[in-house]
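Accompanying notes for the structure given below.
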Amino acid sequence: MDVIVIGGGIAGIATAYQLHAAGHRVCVVERHATVAQGATYGQGGALLPSPLDVWFGPTFMASSRAKQSGMVAKTGFDSAARDFLKQHATLRDPEAFTAQYARLQPLVDMSRGVLAGIESRLELDFEQRRGVLHVFRQPREFDEAQPAIGLLKTCGVPHRVLTPEECVEIEPSVPDYPEFAGAVLLPEERTANCPLFTKQLKQTLEDAGVQFRMHRAVAALRLDGARAAVELAVANEGRKRSADVELIAADAIVVAAGSGTPALVGGNKPVASLLPLRVHTLTAPVAYEERAPHLTVVDSTKRITMTRVGQRLRVGGAGVFQSAAKADKPLDATLARRALDLLGQGTHDWIPGAARVSAARAWDGVRLMTADGLPIVGATRHPRLFVNAAHGPAGWGLACGSAKVIADLVSGVTPDLPADTLAALSPERF
């Protein structure tokens, strides 16, 4: 089959890889001049989410105050954005969280196997690092994390619950003062350089004959029973139609366009269960080698991830919730400063002296979030249209497992996932 993949981020490139491996002819359309330039560029590093990583559950936004929650909510009078946060808050209930993570877990397991297969087959080096340390400042935060810690055991995730003294012994970059409640070590979980992985995978695909149409924007989709097609325009024209629009046809289309996915699939009507989240990263040179962490350190309550990438430290998190209408506009300077201050403070709190924050390069980008915390993966009502999007800020490897699901569906094969997981991931739930 001829398949068009819209999006050159990790989701789109991983999908193209799996489709090509399944024997399909693939064309990738990307609006930037190269791949991994959107949300993929600023990924914090975690390969796969654990119950402590996912951006929903008892420890997520436990406080409405930005400094305590690590998130900034500025929805204003936008009812859709407020409804989204209300829906998302229902997953703070431990039972609801446990049930929802149970639906996600099979995709995490599949993604782990898919990543292992790619690494074994291609022997890629994308700055992988093993060991993730989740730290908790207050006893209350540790108590709220107990449902997630319990799920680690249920899901068979190797872990150790540490006292502050044990934590400092294992990771000396974490200060022993001021006092903190404790930590959880996930010794087998990994972080890596997502943009580098994406570019390496793209090179492999290009060498294998996969077609790439770079710096082209999708003006519209054309769908009928017999064939599907995409209208392409020069990227800076956006979705504006002109006489120069190019039409390319295929047997199927996969939309993996991140926050741009809803508009392509369902038009511009806002959906209360979907919201663009603006997240931030600081990438700073290592200041003192002896103070740099050898494990990835995560403030699990504030969702701030601090990981070493070569001779740099990447600090990611500080999500800003606003209305969908503001997603394509630059963030207000005051809000941007608040977000970056959260990252800088997290670095000071947990790995003081490790990074030259004054020399850090700041980045912000928009990621599509769902109110139920799960990605959007599967077939739409139209038999030739598929979606792979909204994997969230934690665990970019989920996009790789989701890509295998999409390749199976396009090929007419039932994915190796439970039926309730497939239904929970389906675009049709919205």
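Here's how to read the names in the structure tokens: chain A, B, ... by the order shown, residue numbers from 1 in each chain, ligand numbers from 1 in the order shown.
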Quiz item: Would you give me, as a list in words, the residues in segment 11-97 of chain A that DSSP reads as strand (DSSP E or B)?
Solution: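 Put together, the selection reads Arg25, Val26, Cys27, Val28, Val29, Glu30, Ala46, Met71, Val72 and Ala73 of chain A.
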Generate a file of the selected residues that holds N, CA and C atoms, formatted as an mmCIF file, in the first residue's frame.
data_model
loop_
_atom_site.group_PDB
_atom_site.id
_atom_site.type_symbol
_atom_site.label_atom_id
_atom_site.label_comp_id
_atom_site.auth_asym_id
_atom_site.auth_seq_id
_atom_site.Cartn_x
_atom_site.Cartn_y
_atom_site.Cartn_z
ATOM 1 N N ARG A 25 4.810 1.290 0.986
ATOM 2 C CA ARG A 25 5.530 2.422 0.402
ATOM 3 C C ARG A 25 5.095 3.674 1.149
ATOM 4 N N VAL A 26 6.044 4.414 1.661
ATOM 5 C CA VAL A 26 5.735 5.486 2.606
ATOM 6 C C VAL A 26 6.271 6.824 2.116
ATOM 7 N N CYS A 27 5.469 7.859 2.313
ATOM 8 C CA CYS A 27 5.894 9.245 2.079
ATOM 9 C C CYS A 27 5.617 10.034 3.351
ATOM 10 N N VAL A 28 6.632 10.715 3.880
ATOM 11 C CA VAL A 28 6.493 11.532 5.088
ATOM 12 C C VAL A 28 6.436 13.001 4.687
ATOM 13 N N VAL A 29 5.447 13.704 5.193
ATOM 14 C CA VAL A 29 5.278 15.135 4.933
ATOM 15 C C VAL A 29 5.577 15.894 6.219
ATOM 16 N N GLU A 30 6.470 16.869 6.137
ATOM 17 C CA GLU A 30 6.868 17.643 7.328
ATOM 18 C C GLU A 30 6.946 19.117 6.968
ATOM 19 N N ALA A 46 12.962 10.959 29.027
ATOM 20 C CA ALA A 46 12.474 9.647 29.469
ATOM 21 C C ALA A 46 11.980 8.823 28.284
ATOM 22 N N MET A 71 3.080 23.388 37.586
ATOM 23 C CA MET A 71 2.272 23.705 36.418
ATOM 24 C C MET A 71 1.692 25.110 36.570
ATOM 25 N N VAL A 72 1.424 25.734 35.444
ATOM 26 C CA VAL A 72 0.783 27.044 35.436
ATOM 27 C C VAL A 72 -0.521 26.922 34.665
ATOM 28 N N ALA A 73 -1.651 27.190 35.324
ATOM 29 C CA ALA A 73 -2.959 27.116 34.663
ATOM 30 C C ALA A 73 -3.497 28.527 34.486
#
Practice problem: Give me the residues within 6 Å of segment 47-53 of chain A as a list in words, counting only C-alpha atoms and dropping any in the same chain fewer than 6 places off. | Solution: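 Listing them by chain and then by number gives Ala148, Arg190, Thr191, Ala394, Gly395, Trp396 and Gly397 of chain A.
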Writer output for current selection, C-alpha atoms, as a tab-separated table (two decimals), in the first residue's frame:
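Output saved as again_6.tsv:
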chain	number	residue	atom	x	y	z
A	148	ALA	CA	1.79	4.89	41.88
A	190	ARG	CA	16.25	4.91	30.77
A	191	THR	CA	16.52	8.35	29.26
A	394	ALA	CA	6.82	11.83	29.50
A	395	GLY	CA	8.09	8.78	27.68
A	396	TRP	CA	8.69	9.50	24.02
A	397	GLY	CA	9.15	5.77	23.41
Self-check item: Spatial neighbours of Gly45 of chain A, 12 Å, only C-alpha atoms, chain gap at least 4 places, as an MDAnalysis selection string
Solution: chainID A and resid 40:41 49 53 126:132 189:197 281 283 296:298 304:309 313:317 393:397
For those residues, write N, CA and C atoms to a file as a compact mmCIF listing (two decimals), in the first residue's frame.
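Listing of result-v9.txt after writing:
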# COMPACT_ATOMS: atom_id res chain seq x y z
N THR A 40 9.13 17.30 19.49
CA THR A 40 10.18 16.29 19.64
C THR A 40 11.51 16.92 20.06
N TYR A 41 11.76 18.10 19.58
CA TYR A 41 13.04 18.76 19.84
C TYR A 41 13.28 18.99 21.34
N PRO A 49 7.15 5.86 30.14
CA PRO A 49 6.58 6.32 31.41
C PRO A 49 6.35 5.15 32.37
N ASP A 53 5.68 8.57 36.31
CA ASP A 53 6.02 9.53 35.25
C ASP A 53 4.81 10.13 34.55
N PHE A 126 22.10 6.77 20.81
CA PHE A 126 21.40 8.04 20.92
C PHE A 126 21.43 8.54 22.37
N GLU A 127 22.63 8.39 22.96
CA GLU A 127 22.94 8.92 24.28
C GLU A 127 22.02 8.36 25.35
N GLN A 128 21.86 7.02 25.33
CA GLN A 128 21.05 6.35 26.32
C GLN A 128 21.73 6.40 27.69
N ARG A 129 20.92 6.54 28.71
CA ARG A 129 21.41 6.57 30.09
C ARG A 129 20.43 5.79 30.97
N ARG A 130 20.96 4.94 31.84
CA ARG A 130 20.10 4.06 32.64
C ARG A 130 20.00 4.57 34.09
N GLY A 131 18.80 4.48 34.66
CA GLY A 131 18.58 4.84 36.05
C GLY A 131 17.80 6.13 36.21
N VAL A 132 16.63 6.07 36.85
CA VAL A 132 15.80 7.25 37.08
C VAL A 132 15.46 7.31 38.56
N GLU A 189 15.02 1.81 34.20
CA GLU A 189 14.40 2.77 33.28
C GLU A 189 15.46 3.69 32.71
N ARG A 190 15.21 4.18 31.47
CA ARG A 190 16.25 4.91 30.77
C ARG A 190 15.77 6.25 30.24
N THR A 191 16.75 7.11 30.00
CA THR A 191 16.52 8.35 29.26
C THR A 191 17.45 8.34 28.05
N ALA A 192 17.14 9.18 27.07
CA ALA A 192 17.96 9.23 25.86
C ALA A 192 17.62 10.51 25.09
N ASN A 193 18.38 10.75 24.04
CA ASN A 193 18.23 11.94 23.21
C ASN A 193 17.21 11.67 22.11
N CYS A 194 15.99 12.14 22.33
CA CYS A 194 14.90 11.87 21.38
C CYS A 194 15.14 12.49 20.00
N PRO A 195 15.55 13.78 19.90
CA PRO A 195 15.80 14.33 18.56
C PRO A 195 16.88 13.56 17.80
N LEU A 196 17.93 13.13 18.51
CA LEU A 196 19.00 12.38 17.85
C LEU A 196 18.48 11.05 17.33
N PHE A 197 17.70 10.35 18.15
CA PHE A 197 17.11 9.08 17.73
C PHE A 197 16.24 9.28 16.49
N THR A 281 11.92 23.59 28.33
CA THR A 281 13.17 22.94 28.72
C THR A 281 14.27 23.97 28.82
N THR A 283 18.44 23.73 28.52
CA THR A 283 19.60 22.90 28.24
C THR A 283 20.84 23.71 28.59
N THR A 296 19.13 10.09 36.19
CA THR A 296 18.15 11.12 35.89
C THR A 296 17.35 11.38 37.16
N VAL A 297 17.24 12.64 37.56
CA VAL A 297 16.52 13.01 38.77
C VAL A 297 15.19 13.65 38.37
N VAL A 298 14.10 13.17 38.97
CA VAL A 298 12.77 13.66 38.64
C VAL A 298 12.06 14.11 39.91
N ILE A 304 9.29 17.81 36.98
CA ILE A 304 10.51 18.40 36.43
C ILE A 304 11.55 17.29 36.32
N THR A 305 12.04 17.07 35.11
CA THR A 305 13.02 16.02 34.83
C THR A 305 14.38 16.63 34.56
N MET A 306 15.38 16.15 35.26
CA MET A 306 16.75 16.66 35.12
C MET A 306 17.64 15.50 34.68
N THR A 307 18.11 15.56 33.47
CA THR A 307 18.87 14.43 32.94
C THR A 307 20.12 14.93 32.23
N ARG A 308 21.15 14.13 32.28
CA ARG A 308 22.39 14.48 31.61
C ARG A 308 22.37 13.94 30.19
N VAL A 309 22.76 14.79 29.25
CA VAL A 309 22.86 14.41 27.84
C VAL A 309 24.25 14.86 27.37
N LEU A 313 23.10 19.36 30.58
CA LEU A 313 22.00 18.93 31.44
C LEU A 313 20.72 19.49 30.85
N ARG A 314 19.74 18.61 30.67
CA ARG A 314 18.45 19.04 30.13
C ARG A 314 17.42 18.96 31.24
N VAL A 315 16.78 20.09 31.50
CA VAL A 315 15.77 20.20 32.54
C VAL A 315 14.45 20.50 31.85
N GLY A 316 13.48 19.61 32.01
CA GLY A 316 12.22 19.76 31.29
C GLY A 316 11.01 19.71 32.20
N GLY A 317 9.95 20.38 31.77
CA GLY A 317 8.69 20.38 32.52
C GLY A 317 8.02 21.73 32.40
N PRO A 393 4.15 14.58 27.63
CA PRO A 393 5.53 15.02 27.83
C PRO A 393 6.47 13.96 28.38
N ALA A 394 5.95 12.85 28.89
CA ALA A 394 6.82 11.83 29.50
C ALA A 394 6.82 10.56 28.66
N GLY A 395 8.00 10.07 28.34
CA GLY A 395 8.09 8.78 27.68
C GLY A 395 7.88 8.82 26.19
N TRP A 396 8.85 9.40 25.47
CA TRP A 396 8.69 9.50 24.02
C TRP A 396 8.68 8.15 23.33
N GLY A 397 9.18 7.10 24.00
CA GLY A 397 9.15 5.77 23.41
C GLY A 397 7.76 5.23 23.17
Residues at most 7 Å from Ser273 of chain A, counting only C-alpha atoms, excluding those fewer than 2 positions away in the same chain, as a compact mmCIF listing (two decimals) with C-alpha atoms, in the first residue's frame?
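Here's the written file around-v9.txt:
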# COMPACT_ATOMS: atom_id res chain seq x y z
CA PHE A 84 -10.34 19.83 30.30
CA VAL A 271 -12.77 19.50 21.79
CA LEU A 275 -5.77 20.68 24.95
CA THR A 370 -5.82 14.36 26.43
CA ALA A 371 -8.09 14.70 29.44
Practice problem: For Ala229 of chain A, please output as a list in words all residues within 8 Å (counting only C-alpha atoms; exclusion window: fewer than 4 positions along the same chain). | Solution: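 In the requested format, the answer is Leu221, Arg222, Leu223, Leu247, Ile248, Ala249, Ala250 and Ile253 of chain A.
Once Gly260 of chain A and its same-chain neighbours fewer than 3 positions away are set aside, Ile6, Gly7, Val255, Ala256, Ala257, Ala263, Leu264, Val265, Asn268, Pro276, Ala327, Asp328, Val366, Arg367, Leu368 and Ala389 of chain A remain within 10 Å of it when counting only C-alpha atoms.
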Only C-alpha atoms, please: the residues just picked out, written as an mmCIF file, in the first residue's frame.
data_model
loop_
_atom_site.group_PDB
_atom_site.id
_atom_site.type_symbol
_atom_site.label_atom_id
_atom_site.label_comp_id
_atom_site.auth_asym_id
_atom_site.auth_seq_id
_atom_site.Cartn_x
_atom_site.Cartn_y
_atom_site.Cartn_z
ATOM 1 C CA ILE A 6 1.886 13.641 8.199
ATOM 2 C CA GLY A 7 4.473 14.790 10.731
ATOM 3 C CA VAL A 255 -1.788 11.918 10.965
ATOM 4 C CA ALA A 256 1.053 12.226 13.472
ATOM 5 C CA ALA A 257 1.150 16.011 13.581
ATOM 6 C CA ALA A 263 -7.524 20.413 13.091
ATOM 7 C CA LEU A 264 -6.457 18.015 10.332
ATOM 8 C CA VAL A 265 -8.644 15.141 11.479
ATOM 9 C CA ASN A 268 -11.140 23.532 13.862
ATOM 10 C CA PRO A 276 -2.385 21.958 23.762
ATOM 11 C CA ALA A 327 -1.398 27.578 21.254
ATOM 12 C CA ASP A 328 0.042 29.109 18.073
ATOM 13 C CA VAL A 366 3.277 22.698 22.398
ATOM 14 C CA ARG A 367 2.225 19.124 23.034
ATOM 15 C CA LEU A 368 -1.270 17.761 22.620
ATOM 16 C CA ALA A 389 -0.564 11.541 18.512
#
Practice problem: Pick out each residue of segment 291-405 of chain A that DSSP on the backbone tags as alpha helix (DSSP H); I need them as an MDAnalysis selection string. | Solution: chainID A and resid 333:350 398:405
